[in-house]
>>> print(open('target_15.txt').read())   # compact mmCIF, C-alpha atoms
# COMPACT_ATOMS: atom_id res chain seq x y z
CA MET A 10 16.54 -11.51 4.60
CA LYS A 11 18.68 -9.69 7.12
CA GLN A 12 16.66 -7.17 9.14
CA GLU A 13 17.80 -3.58 8.86
CA PHE A 14 16.65 -0.73 11.10
CA TRP A 15 16.96 2.99 10.71
CA GLN A 16 20.07 4.40 12.35
CA GLY A 17 19.38 7.35 14.63
CA THR A 18 21.57 10.32 15.41
CA ASN A 19 22.37 11.68 18.85
CA LEU A 20 22.06 15.32 17.79
CA PRO A 21 19.32 17.01 19.86
CA ARG A 22 17.98 19.00 16.90
CA VAL A 23 16.57 15.88 15.27
CA GLY A 24 14.82 14.43 18.28
CA GLY A 25 11.61 14.04 16.27
CA PHE A 26 13.43 11.85 13.79
CA ASN A 27 14.91 9.76 16.58
CA ARG A 28 11.46 9.23 18.06
CA ALA A 29 10.24 7.96 14.72
CA VAL A 30 13.27 5.69 14.35
CA VAL A 31 12.67 4.10 17.76
CA LEU A 32 8.91 3.71 17.30
CA ASP A 33 9.41 2.20 13.85
CA ALA A 34 11.97 -0.27 15.22
CA ILE A 35 9.64 -1.38 18.04
CA ARG A 36 6.67 -1.69 15.71
CA ALA A 37 8.50 -3.46 12.88
CA ASN A 38 10.07 -6.04 15.17
CA GLY A 39 6.90 -6.80 17.08
CA GLY A 40 8.61 -6.14 20.41
CA VAL A 41 12.21 -5.47 21.40
CA SER A 42 14.26 -4.65 24.52
CA ARG A 43 15.91 -1.28 25.22
CA VAL A 44 19.35 -2.85 24.87
CA GLU A 45 18.47 -4.29 21.48
CA LEU A 46 16.95 -0.97 20.38
CA ALA A 47 20.13 0.90 21.24
CA ARG A 48 22.19 -1.59 19.29
CA ARG A 49 19.95 -1.56 16.24
CA THR A 50 19.42 2.21 16.03
CA GLY A 51 22.88 3.38 17.07
CA LEU A 52 21.50 5.68 19.78
CA THR A 53 23.16 6.07 23.16
CA ALA A 54 21.59 4.46 26.22
CA GLN A 55 20.66 7.89 27.59
CA THR A 56 19.04 9.05 24.35
CA MET A 57 17.19 5.77 24.07
CA SER A 58 15.97 5.96 27.66
CA ASN A 59 14.62 9.48 27.13
CA ILE A 60 12.81 8.57 23.93
CA VAL A 61 11.25 5.41 25.35
CA ARG A 62 10.11 7.33 28.42
CA ALA A 63 8.43 9.95 26.20
CA LEU A 64 6.78 7.31 24.00
CA MET A 65 5.41 5.55 27.08
CA ALA A 66 4.13 8.84 28.51
CA ASP A 67 2.28 9.46 25.23
CA GLY A 68 0.69 6.02 25.44
CA LEU A 69 2.33 4.83 22.21
CA VAL A 70 4.60 2.20 23.76
CA ALA A 71 4.22 -0.10 26.78
CA GLU A 72 6.33 -2.67 28.57
CA ASP A 73 5.08 -6.15 27.78
CA GLY A 74 6.74 -9.15 29.37
CA HIS A 75 10.38 -10.23 29.39
CA ALA A 76 12.80 -11.74 26.92
CA PRO A 77 13.98 -15.30 27.64
CA SER A 78 16.79 -15.43 30.19
CA THR A 79 20.35 -15.65 28.89
CA GLY A 80 21.86 -16.10 32.32
CA GLY A 81 21.57 -12.54 33.57
CA LYS A 82 18.70 -10.22 34.35
CA ARG A 83 15.79 -10.75 31.96
CA ARG A 84 15.24 -7.82 29.62
CA VAL A 85 11.90 -6.01 29.57
CA MET A 86 10.24 -6.07 26.16
CA LEU A 87 8.65 -2.99 24.59
CA ARG A 88 5.68 -3.11 22.25
CA VAL A 89 3.57 -0.56 20.41
CA VAL A 90 0.14 0.00 21.99
CA ALA A 91 -1.94 -0.99 18.99
CA ASP A 92 -5.14 0.82 19.99
CA ALA A 93 -3.45 4.03 21.12
CA TYR A 94 -4.48 5.65 17.85
CA GLN A 95 -6.37 4.65 14.75
CA SER A 96 -6.78 5.91 11.21
CA VAL A 97 -9.41 5.68 8.49
CA GLY A 98 -8.47 4.55 5.00
CA LEU A 99 -10.65 5.05 1.92
CA HIS A 100 -10.00 3.51 -1.47
CA LEU A 101 -11.88 5.02 -4.38
CA ASP A 102 -12.33 2.53 -7.20
CA PRO A 103 -14.50 3.25 -10.27
CA GLU A 104 -17.01 0.65 -9.03
CA ARG A 105 -16.85 0.87 -5.24
CA ILE A 106 -15.56 2.63 -2.15
CA THR A 107 -13.79 0.51 0.45
CA GLY A 108 -13.18 1.92 3.91
CA VAL A 109 -11.20 0.48 6.82
CA LEU A 110 -10.26 1.50 10.35
CA LEU A 111 -6.64 0.60 11.09
CA ASP A 112 -4.72 0.40 14.38
CA LEU A 113 -1.04 1.21 14.95
CA ASP A 114 -0.04 -2.40 14.28
CA GLY A 115 -1.58 -2.20 10.83
CA ARG A 116 -4.51 -4.46 11.74
CA VAL A 117 -7.95 -3.82 10.25
CA ARG A 118 -10.46 -3.21 13.05
CA LEU A 119 -13.50 -2.33 10.92
CA ARG A 120 -14.42 -2.49 7.24
CA ASN A 121 -17.15 -0.95 5.07
CA THR A 122 -17.89 -1.00 1.33
CA ARG A 123 -20.24 1.03 -0.85
CA ARG A 124 -21.04 0.76 -4.54
CA VAL A 125 -20.23 3.69 -6.81
CA ALA A 126 -22.84 4.28 -9.48
CA GLU A 127 -21.48 4.38 -13.02
CA GLY A 128 -20.80 7.97 -14.02
CA ALA A 129 -21.24 9.26 -10.44
CA SER A 130 -20.33 12.92 -10.05
CA PRO A 131 -17.48 14.02 -7.79
CA GLU A 132 -20.05 15.60 -5.47
CA ALA A 133 -21.92 12.32 -5.07
CA VAL A 134 -18.70 10.38 -4.50
CA VAL A 135 -17.51 12.85 -1.87
CA GLY A 136 -20.81 12.37 -0.05
CA ALA A 137 -20.32 8.58 -0.07
CA LEU A 138 -16.71 8.89 1.08
CA THR A 139 -17.74 11.16 3.95
CA ARG A 140 -20.54 8.85 5.05
CA THR A 141 -18.05 5.98 5.11
CA VAL A 142 -15.72 7.98 7.37
CA HIS A 143 -18.51 8.88 9.79
CA HIS A 144 -19.76 5.27 9.87
CA LEU A 145 -16.32 3.88 10.75
CA VAL A 146 -15.54 6.54 13.36
CA ARG A 147 -18.89 6.00 15.10
CA ARG A 148 -18.39 2.24 15.20
CA SER A 149 -14.80 2.53 16.39
CA GLU A 150 -15.73 3.78 19.88
CA ALA A 151 -12.35 5.50 19.90
CA GLY A 152 -11.99 8.38 22.34
CA ASP A 153 -11.70 12.01 21.30
CA GLY A 154 -8.62 12.62 19.22
CA ARG A 155 -7.80 8.92 18.86
CA VAL A 156 -8.61 8.86 15.15
CA LEU A 157 -5.62 10.61 13.64
CA GLY A 158 -7.05 11.30 10.23
CA VAL A 159 -8.21 9.96 6.88
CA GLY A 160 -6.13 8.58 4.04
CA LEU A 161 -7.43 8.57 0.47
CA ALA A 162 -6.12 6.10 -2.11
CA VAL A 163 -7.26 7.13 -5.59
CA PRO A 164 -6.44 6.41 -9.23
CA GLY A 165 -3.80 8.69 -10.71
CA PRO A 166 -2.64 11.01 -12.00
CA LEU A 167 -2.66 13.44 -9.07
CA ASP A 168 -1.95 17.14 -8.73
CA ASP A 169 -0.20 16.91 -5.39
CA THR A 170 0.35 20.66 -5.01
CA HIS A 171 -3.38 21.41 -5.09
CA ARG A 172 -4.52 18.04 -3.64
CA ARG A 173 -6.50 17.29 -6.78
CA VAL A 174 -7.42 14.23 -8.79
CA PHE A 175 -6.45 15.10 -12.34
CA SER A 176 -8.44 13.41 -15.13
CA PRO A 177 -7.98 9.73 -14.15
CA PRO A 178 -8.73 7.48 -17.17
CA ASN A 179 -10.99 5.20 -15.11
CA LEU A 180 -13.12 8.08 -13.80
CA PRO A 181 -14.44 9.80 -16.92
CA GLY A 182 -15.63 13.35 -16.40
CA TRP A 183 -13.34 14.02 -13.44
CA ALA A 184 -11.23 16.89 -14.73
CA GLU A 185 -9.58 18.68 -11.80
CA VAL A 186 -11.32 17.65 -8.58
CA PRO A 187 -9.90 18.96 -5.24
CA LEU A 188 -10.90 15.68 -3.64
CA ALA A 189 -8.71 15.77 -0.52
CA ASP A 190 -9.94 19.22 0.54
CA MET A 191 -13.57 18.35 -0.20
CA VAL A 192 -13.45 15.24 2.00
CA GLN A 193 -11.49 17.02 4.73
CA GLU A 194 -14.05 19.82 4.95
CA ARG A 195 -16.99 17.43 5.26
CA ALA A 196 -15.37 14.72 7.40
CA GLY A 197 -13.87 17.14 9.92
CA LEU A 198 -10.58 15.22 10.05
CA PRO A 199 -7.18 15.83 8.41
CA VAL A 200 -6.92 14.12 5.01
CA VAL A 201 -3.85 12.88 3.14
CA MET A 202 -4.07 11.50 -0.40
CA ASP A 203 -1.92 9.34 -2.65
CA ASN A 204 -2.34 7.11 -5.67
CA ASP A 205 -3.61 3.64 -4.84
CA ALA A 206 -0.45 1.72 -5.76
CA THR A 207 1.81 3.92 -3.62
CA ALA A 208 -0.66 3.77 -0.74
CA ALA A 209 -0.76 -0.03 -0.98
CA ALA A 210 3.04 -0.17 -0.88
CA ILE A 211 3.02 1.92 2.30
CA GLY A 212 0.40 -0.37 3.82
CA GLU A 213 2.51 -3.41 2.97
CA ARG A 214 5.59 -1.80 4.52
CA TRP A 215 3.68 -0.72 7.64
CA ALA A 216 1.99 -4.06 8.28
CA GLY A 217 4.82 -6.27 7.03
CA GLY A 218 7.43 -5.47 9.68
CA VAL A 219 10.64 -7.41 9.11
CA GLU A 220 9.15 -9.23 6.11
CA ARG A 221 8.88 -5.99 4.16
CA ALA A 222 11.94 -4.11 5.39
CA GLY A 223 14.33 -2.77 2.77
CA SER A 224 13.35 -2.40 -0.88
CA PHE A 225 10.61 -3.85 -3.04
CA VAL A 226 8.18 -3.06 -5.87
CA TYR A 227 4.51 -3.42 -4.96
CA VAL A 228 2.25 -4.15 -7.94
CA TYR A 229 -1.36 -3.09 -7.41
CA LEU A 230 -3.81 -4.97 -9.62
CA GLY A 231 -7.33 -3.60 -9.47
CA SER A 232 -9.37 -1.68 -12.02
CA GLY A 233 -6.01 -0.40 -13.23
CA VAL A 234 -2.37 -1.43 -12.93
CA GLY A 235 0.25 0.52 -11.01
CA VAL A 236 3.31 0.05 -8.84
CA GLY A 237 4.48 1.52 -5.57
CA VAL A 238 8.24 1.65 -5.08
CA VAL A 239 9.94 1.26 -1.68
CA LEU A 240 13.71 1.82 -1.66
CA GLY A 241 15.59 1.43 1.60
CA ASP A 242 12.34 1.68 3.60
CA GLN A 243 11.50 4.99 1.90
CA VAL A 244 8.59 5.27 -0.53
CA TYR A 245 9.62 6.85 -3.81
CA ARG A 246 6.89 9.14 -5.16
CA GLY A 247 8.65 11.13 -7.87
CA ILE A 248 8.70 14.91 -8.29
CA SER A 249 4.95 15.17 -8.93
CA ASN A 250 3.80 12.31 -6.67
CA ASN A 251 2.95 10.18 -9.70
CA ALA A 252 5.76 7.60 -9.77
CA GLY A 253 4.72 4.07 -10.63
CA GLU A 254 2.09 4.69 -13.31
CA ILE A 255 3.16 1.68 -15.36
CA GLY A 256 -0.38 1.01 -16.54
CA HIS A 257 0.08 3.52 -19.31
CA LEU A 258 3.56 2.55 -20.42
CA PRO A 259 3.50 1.60 -24.11
CA THR A 260 3.88 -2.12 -24.76
CA GLY A 261 3.10 -1.95 -28.48
CA THR A 262 0.84 -0.09 -30.91
CA GLY A 263 -2.20 -2.32 -30.64
CA LYS A 264 -5.27 -2.07 -28.46
CA GLU A 265 -6.85 1.23 -27.50
CA CYS A 266 -6.65 2.07 -23.79
CA ALA A 267 -9.23 3.91 -21.67
CA CYS A 268 -6.79 6.83 -21.57
CA GLY A 269 -7.18 7.30 -25.34
CA LYS A 270 -3.74 6.02 -26.34
CA ARG A 271 -2.87 2.69 -27.90
CA GLY A 272 -0.71 -0.14 -26.64
CA CYS A 273 -0.79 0.73 -22.91
CA LEU A 274 -0.16 -2.09 -20.47
CA GLU A 275 -3.65 -1.66 -19.01
CA ALA A 276 -5.14 -2.33 -22.44
CA TYR A 277 -3.87 -5.91 -22.00
CA CYS A 278 -3.67 -6.53 -18.24
CA SER A 279 -6.47 -4.67 -16.46
CA MET A 280 -9.71 -6.26 -15.33
CA ARG A 281 -11.52 -4.43 -18.13
CA ALA A 282 -9.07 -5.75 -20.74
CA VAL A 283 -9.37 -9.35 -19.57
CA VAL A 284 -13.17 -9.14 -19.51
CA ALA A 285 -13.22 -7.60 -23.00
CA GLU A 286 -11.12 -10.51 -24.31
CA TRP A 287 -13.41 -12.98 -22.57
CA THR A 288 -16.66 -11.59 -23.97
CA ALA A 289 -15.15 -11.13 -27.45
CA ALA A 290 -14.35 -14.86 -27.43
CA GLY A 291 -17.98 -15.66 -26.57
CA GLY A 292 -17.71 -15.77 -22.79
CA ASP A 293 -20.73 -14.81 -20.70
CA GLY A 294 -20.72 -11.42 -19.00
CA ALA A 295 -22.19 -8.76 -21.25
CA GLY A 296 -23.89 -6.03 -19.21
CA ALA A 297 -22.59 -7.18 -15.81
CA PRO A 298 -20.15 -5.10 -13.73
CA VAL A 299 -16.59 -5.60 -14.94
CA SER A 300 -15.26 -6.65 -11.55
CA ASP A 301 -17.97 -9.31 -11.15
CA VAL A 302 -17.23 -10.86 -14.55
CA TYR A 303 -13.49 -10.74 -13.92
CA GLN A 304 -13.84 -12.55 -10.58
CA ARG A 305 -15.96 -15.21 -12.27
CA ILE A 306 -13.20 -15.73 -14.85
CA CYS A 307 -10.66 -16.08 -12.04
CA ARG A 308 -12.81 -18.61 -10.18
CA ASP A 309 -13.22 -20.63 -13.37
CA ALA A 310 -9.47 -20.55 -13.99
CA ALA A 311 -8.74 -21.70 -10.45
CA GLN A 312 -11.17 -24.59 -10.93
CA GLY A 313 -9.42 -25.76 -14.10
CA ASP A 314 -11.14 -23.91 -16.95
CA ILE A 315 -8.48 -23.97 -19.68
CA ALA A 316 -9.70 -20.91 -21.61
CA ALA A 317 -9.99 -18.75 -18.49
CA ALA A 318 -6.56 -19.80 -17.23
CA ARG A 319 -4.97 -19.13 -20.63
CA LEU A 320 -6.45 -15.63 -20.68
CA LEU A 321 -5.06 -14.81 -17.23
CA ARG A 322 -1.63 -16.21 -18.08
CA GLN A 323 -1.45 -14.08 -21.21
CA ALA A 324 -2.20 -10.95 -19.21
CA ALA A 325 0.25 -11.93 -16.46
CA SER A 326 3.02 -12.60 -18.99
CA ARG A 327 2.58 -9.12 -20.45
CA LEU A 328 2.68 -7.68 -16.93
CA GLY A 329 5.81 -9.66 -16.09
CA GLN A 330 7.59 -8.38 -19.18
CA THR A 331 6.98 -4.78 -18.14
CA LEU A 332 7.97 -5.51 -14.53
CA ALA A 333 11.25 -6.96 -15.76
CA THR A 334 12.17 -3.51 -17.04
CA VAL A 335 11.11 -1.85 -13.76
CA VAL A 336 13.08 -4.32 -11.66
CA SER A 337 16.17 -4.00 -13.83
CA VAL A 338 16.13 -0.20 -13.73
CA LEU A 339 15.58 -0.01 -9.95
CA ASP A 340 17.84 -2.96 -9.09
CA VAL A 341 15.46 -4.47 -6.53
CA ASP A 342 15.11 -8.15 -5.70
CA ARG A 343 11.49 -8.39 -4.57
CA VAL A 344 8.15 -7.92 -6.30
CA VAL A 345 4.94 -8.02 -4.26
CA LEU A 346 1.63 -8.65 -6.03
CA GLY A 347 -1.57 -7.36 -4.43
CA GLY A 348 -5.04 -6.03 -5.05
CA PRO A 349 -8.51 -7.44 -5.78
CA ALA A 350 -7.53 -8.82 -9.21
CA LEU A 351 -5.67 -11.62 -7.40
CA ARG A 352 -8.56 -12.76 -5.22
CA HIS A 353 -9.27 -16.17 -6.76
CA ALA A 354 -6.38 -16.78 -9.13
CA GLY A 355 -3.43 -15.24 -7.36
CA GLU A 356 -1.18 -18.26 -7.74
CA ILE A 357 -1.79 -18.53 -11.49
CA ILE A 358 -0.87 -14.87 -11.97
CA ARG A 359 2.06 -14.94 -9.55
CA GLU A 360 3.66 -17.97 -11.18
CA ARG A 361 3.42 -16.51 -14.69
CA VAL A 362 4.84 -13.17 -13.54
CA ARG A 363 7.68 -15.03 -11.81
CA LYS A 364 8.53 -16.92 -15.03
CA ALA A 365 8.56 -13.72 -17.08
CA LEU A 366 10.83 -12.00 -14.59
CA HIS A 367 13.18 -14.95 -14.41
CA ALA A 368 13.46 -15.02 -18.20
CA GLN A 369 13.93 -11.30 -18.79
CA VAL A 370 15.46 -9.55 -15.78
CA TRP A 371 18.96 -8.34 -16.49
CA ALA A 372 21.63 -9.94 -14.26
CA ALA A 373 19.15 -12.43 -12.79
CA ARG A 374 22.02 -14.67 -11.67
CA VAL A 375 23.52 -11.82 -9.66
CA ARG A 376 20.17 -10.64 -8.30
CA PRO A 377 17.45 -13.34 -8.29
CA VAL A 378 14.02 -11.74 -8.04
CA GLU A 379 11.47 -13.12 -5.60
CA VAL A 380 7.75 -12.72 -6.26
CA HIS A 381 5.50 -12.61 -3.20
CA SER A 382 1.79 -12.35 -2.58
CA ALA A 383 0.82 -9.25 -0.59
CA LEU A 384 0.42 -9.54 3.17
CA ILE A 385 -2.42 -7.01 3.41
CA GLY A 386 -4.89 -8.78 1.14
CA GLU A 387 -7.35 -7.56 -1.43
CA ASP A 388 -8.23 -4.42 0.53
CA ALA A 389 -4.70 -3.17 -0.13
CA GLY A 390 -5.90 0.21 -1.39
CA ALA A 391 -7.93 1.02 1.72
CA VAL A 392 -5.38 -0.45 4.15
CA GLY A 393 -2.68 1.50 2.37
CA ALA A 394 -4.74 4.67 2.58
CA ALA A 395 -5.09 4.31 6.36
CA SER A 396 -1.37 3.57 6.56
CA LEU A 397 -0.68 6.90 4.82
CA VAL A 398 -1.91 8.63 7.97
CA LEU A 399 0.21 6.47 10.30
CA ASP A 400 3.23 6.76 8.03
CA HIS A 401 2.89 10.54 7.90
CA ALA A 402 2.65 10.76 11.69
CA TYR A 403 5.16 8.17 12.86
CA SER A 404 7.59 6.91 10.20
CA PRO A 405 11.17 8.24 9.98
CA ARG A 406 11.99 10.21 6.84
CA LEU A 407 15.30 11.25 5.42
CA ALA A 408 13.82 14.68 4.72
CA THR A 409 13.38 15.18 8.47
CA LEU A 410 17.01 14.34 9.10
CA LEU A 411 18.12 16.69 6.32
CA GLY A 412 15.87 19.51 7.49
CA GLY A 413 13.36 19.13 4.64
>>> encode(input="target_15.txt", output="structure tokens")
Amino acid sequence: MKQEFWQGTNLPRVGGFNRAVVLDAIRANGGVSRVELARRTGLTAQTMSNIVRALMADGLVAEDGHAPSTGGKRRVMLRVVADAYQSVGLHLDPERITGVLLDLDGRVRLRNTRRVAEGASPEAVVGALTRTVHHLVRRSEAGDGRVLGVGLAVPGPLDDTHRRVFSPPNLPGWAEVPLADMVQERAGLPVVMDNDATAAAIGERWAGGVERAGSFVYVYLGSGVGVGVVLGDQVYRGISNNAGEIGHLPTGTGKECACGKRGCLEAYCSMRAVVAEWTAAGGDGAGAPVSDVYQRICRDAAQGDIAAARLLRQAASRLGQTLATVVSVLDVDRVVLGGPALRHAGEIIRERVRKALHAQVWAARVRPVEVHSALIGEDAGAVGAASLVLDHAYSPRLATLLGG
């Protein structure tokens, strides 16, 4: 796919936006010369020189070698200084907390996981989240001020205005919990929060560079099912920050969902739904954690178990049918599948989703849809959460250009 970069503007009043454009171009391309930056961003040589000088003074960018000679003077290459700053990402799943420390290149430096007891109170979970932050920061050996903040990836829906988690179906008893403020107060670092699918999409965009430039739909498969939408390198969140909650779209009038409604996609495609089908058919797993049983089913399917593979393909077909609607409405040509539900049987699920999309997407001949496996792995929620911090600090936004 042709690489596209943000175009800057030479108006002084949006210098902050220009800085973000240049930094994003350097980071996404993995190194680029000043001449190439000016061409790709549309900035004048003088504007570019000033911005690069400022980025180097702040320790965000450094000169790193030379481009191959083309007959004239070799061009100096610029790269992002990966360890200039770091961020902590926390993913809250009903069964566990995953924490990572991320550098500016989107690489995971440290990782930590903790179990979440069934029915744990918000107070207990906040304590575990805070301990995870402190553990990662201590181990990072980063200097003062080098950890920019904490990102939280949580199940939706969210009340973005008040930074609250609002009655998520997979966290029973959590009514209106001001989670972001609670963690921020105890961790002593700025906290940003988003739903896990949107956070994962940001992480994929941040770490993916040229491979994830442009537009795509990121499908997060974990305890629940959700999508993050990236359009023209901008994450679409919706007016209430809850875009992408496809897990509770109606796909019929059948099975009861954890949210209390019937026929939701998650009632057929989530880990819990697959495990329920498995045990109802006589499969072993009663009393064990849902995620453990689900991963065992996936391992069996990958090793040739016909019943396990059939169960996963059924769930993936239902998912693909719903994604066909999403893709057709948004008019995108890439779907990225990620999350822990793909750990052992990712290819089985990906292939069945691809077939469903190919069969049902409107205008497939005009716009063939590619289905990719995520670049950031099964810790997509935590990596995405850490990327929220980096994205907030350094990525160009149209709102900045428009004065929003």
>>> closest_residue(input="target_15.txt", among="A:Leu161, A:Ala316, A:Ala222, A:Ala151", to="Gly291 (chain A)", atoms="all atoms listed in the file")
A:Ala316
>>> closest_atom_pairs(input="target_15.txt", of="region 83-128 of chain A", to="region 186-196 of chain A", cutoff="12 Å", atoms="all atoms listed in the file", output="Markdown table")
| residue | atom | partner | partner_atom | distance |
| --- | --- | --- | --- | --- |
| A:Val97 | CA | A:Ala196 | CA | 10.9 |
| A:Leu99 | CA | A:Val192 | CA | 10.6 |
| A:Leu101 | CA | A:Leu188 | CA | 10.7 |
>>> closest_atom_pairs(input="target_15.txt", of="region 139-186 of chain A", to="region 260-275 of chain A", cutoff="10 Å", atoms="only C-alpha atoms", output="tab-separated table")
residue	atom	partner	partner_atom	distance
A:Ser176	CA	A:Cys268	CA	9.4
A:Pro177	CA	A:Cys268	CA	8.1
A:Pro178	CA	A:Cys268	CA	4.9
A:Asn179	CA	A:Ala267	CA	6.9
A:Leu180	CA	A:Ala267	CA	9.7
A:Pro181	CA	A:Ala267	CA	9.2
>>> atom_distance(input="target_15.txt", atom1="CA of Ser96 (chain A)", atom2="CA of Phe175 (chain A)")
25.3 Å
>>> residues_around(input="target_15.txt", residues="Leu240 (chain A)", least_positions_apart="5", cutoff="8 Å", atoms="all atoms listed in the file", output="number ranges by chain")
A: 223-225, 245
>>> atom_distance(input="target_15.txt", atom1="CA of Asp203 (chain A)", atom2="CA of Glu132 (chain A)")
19.4 Å
>>> residues_near_point(input="target_15.txt", point="(-3.9, 10.3, 6.3)", cutoff="6 Å", atoms="all atoms listed in the file", output="PyMOL selection string")
chain A and resi 158-160+200-201+397-398
>>> closest_residue(input="target_15.txt", among="A:Val238, A:Ser42, A:Pro259, A:Thr50", to="Asn27 (chain A)", atoms="only C-alpha atoms")
A:Thr50
>>> residues_near_point(input="target_15.txt", point="(8.8, 10.1, 21.7)", cutoff="10 Å", atoms="all atoms listed in the file", output="VMD selection string")
chain A and resid 24 to 32 57 59 to 70 403
>>> atom_distance(input="target_15.txt", atom1="CA of Val44 (chain A)", atom2="CA of Asp114 (chain A)")
22.1 Å
>>> residues_around(input="target_15.txt", residues="Ala126 (chain A)", least_positions_apart="6", cutoff="10 Å", atoms="only C-alpha atoms", output="list of chain:residue names")
A:Pro103, A:Glu104, A:Arg105, A:Ala133, A:Val134
>>> closest_residue(input="target_15.txt", among="A:Ala354, A:Ala216, A:Ala206, A:Ala310", to="Leu399 (chain A)", atoms="all atoms listed in the file")
A:Ala216
>>> build_atoms(input="target_15.txt", residues="region 376-390 of chain A", atoms="N, CA and C atoms", output="PDB file, in the coordinates of the input")
ATOM      1  N   ARG A 376      21.239 -11.139  -9.148  1.00  0.00           N
ATOM      2  CA  ARG A 376      20.170 -10.640  -8.300  1.00  0.00           C
ATOM      3  C   ARG A 376      18.879 -11.407  -8.606  1.00  0.00           C
ATOM      4  N   PRO A 377      18.711 -12.619  -8.079  1.00  0.00           N
ATOM      5  CA  PRO A 377      17.450 -13.340  -8.290  1.00  0.00           C
ATOM      6  C   PRO A 377      16.280 -12.542  -7.727  1.00  0.00           C
ATOM      7  N   VAL A 378      15.189 -12.531  -8.449  1.00  0.00           N
ATOM      8  CA  VAL A 378      14.020 -11.740  -8.040  1.00  0.00           C
ATOM      9  C   VAL A 378      12.958 -12.664  -7.465  1.00  0.00           C
ATOM     10  N   GLU A 379      12.544 -12.366  -6.246  1.00  0.00           N
ATOM     11  CA  GLU A 379      11.470 -13.120  -5.600  1.00  0.00           C
ATOM     12  C   GLU A 379      10.137 -12.435  -5.880  1.00  0.00           C
ATOM     13  N   VAL A 380       9.099 -13.245  -6.047  1.00  0.00           N
ATOM     14  CA  VAL A 380       7.750 -12.720  -6.260  1.00  0.00           C
ATOM     15  C   VAL A 380       6.859 -13.216  -5.131  1.00  0.00           C
ATOM     16  N   HIS A 381       6.316 -12.275  -4.366  1.00  0.00           N
ATOM     17  CA  HIS A 381       5.500 -12.610  -3.200  1.00  0.00           C
ATOM     18  C   HIS A 381       4.060 -12.155  -3.380  1.00  0.00           C
ATOM     19  N   SER A 382       3.161 -12.834  -2.700  1.00  0.00           N
ATOM     20  CA  SER A 382       1.790 -12.350  -2.580  1.00  0.00           C
ATOM     21  C   SER A 382       1.736 -11.338  -1.435  1.00  0.00           C
ATOM     22  N   ALA A 383       0.901 -10.321  -1.586  1.00  0.00           N
ATOM     23  CA  ALA A 383       0.820  -9.250  -0.590  1.00  0.00           C
ATOM     24  C   ALA A 383       0.327  -9.788   0.750  1.00  0.00           C
ATOM     25  N   LEU A 384       0.811  -9.164   1.811  1.00  0.00           N
ATOM     26  CA  LEU A 384       0.420  -9.540   3.170  1.00  0.00           C
ATOM     27  C   LEU A 384      -0.910  -8.901   3.570  1.00  0.00           C
ATOM     28  N   ILE A 385      -1.255  -7.773   2.934  1.00  0.00           N
ATOM     29  CA  ILE A 385      -2.420  -7.010   3.410  1.00  0.00           C
ATOM     30  C   ILE A 385      -3.696  -7.321   2.651  1.00  0.00           C
ATOM     31  N   GLY A 386      -3.671  -8.278   1.736  1.00  0.00           N
ATOM     32  CA  GLY A 386      -4.890  -8.780   1.140  1.00  0.00           C
ATOM     33  C   GLY A 386      -5.489  -7.888   0.071  1.00  0.00           C
ATOM     34  N   GLU A 387      -6.713  -8.235  -0.303  1.00  0.00           N
ATOM     35  CA  GLU A 387      -7.350  -7.560  -1.430  1.00  0.00           C
ATOM     36  C   GLU A 387      -7.779  -6.135  -1.119  1.00  0.00           C
ATOM     37  N   ASP A 388      -7.888  -5.789   0.159  1.00  0.00           N
ATOM     38  CA  ASP A 388      -8.230  -4.420   0.530  1.00  0.00           C
ATOM     39  C   ASP A 388      -6.983  -3.540   0.620  1.00  0.00           C
ATOM     40  N   ALA A 389      -5.989  -3.858  -0.204  1.00  0.00           N
ATOM     41  CA  ALA A 389      -4.700  -3.170  -0.130  1.00  0.00           C
ATOM     42  C   ALA A 389      -4.836  -1.666  -0.303  1.00  0.00           C
ATOM     43  N   GLY A 390      -5.732  -1.223  -1.167  1.00  0.00           N
ATOM     44  CA  GLY A 390      -5.900   0.210  -1.390  1.00  0.00           C
ATOM     45  C   GLY A 390      -6.370   0.932  -0.135  1.00  0.00           C
TER      46      GLY A 390
END
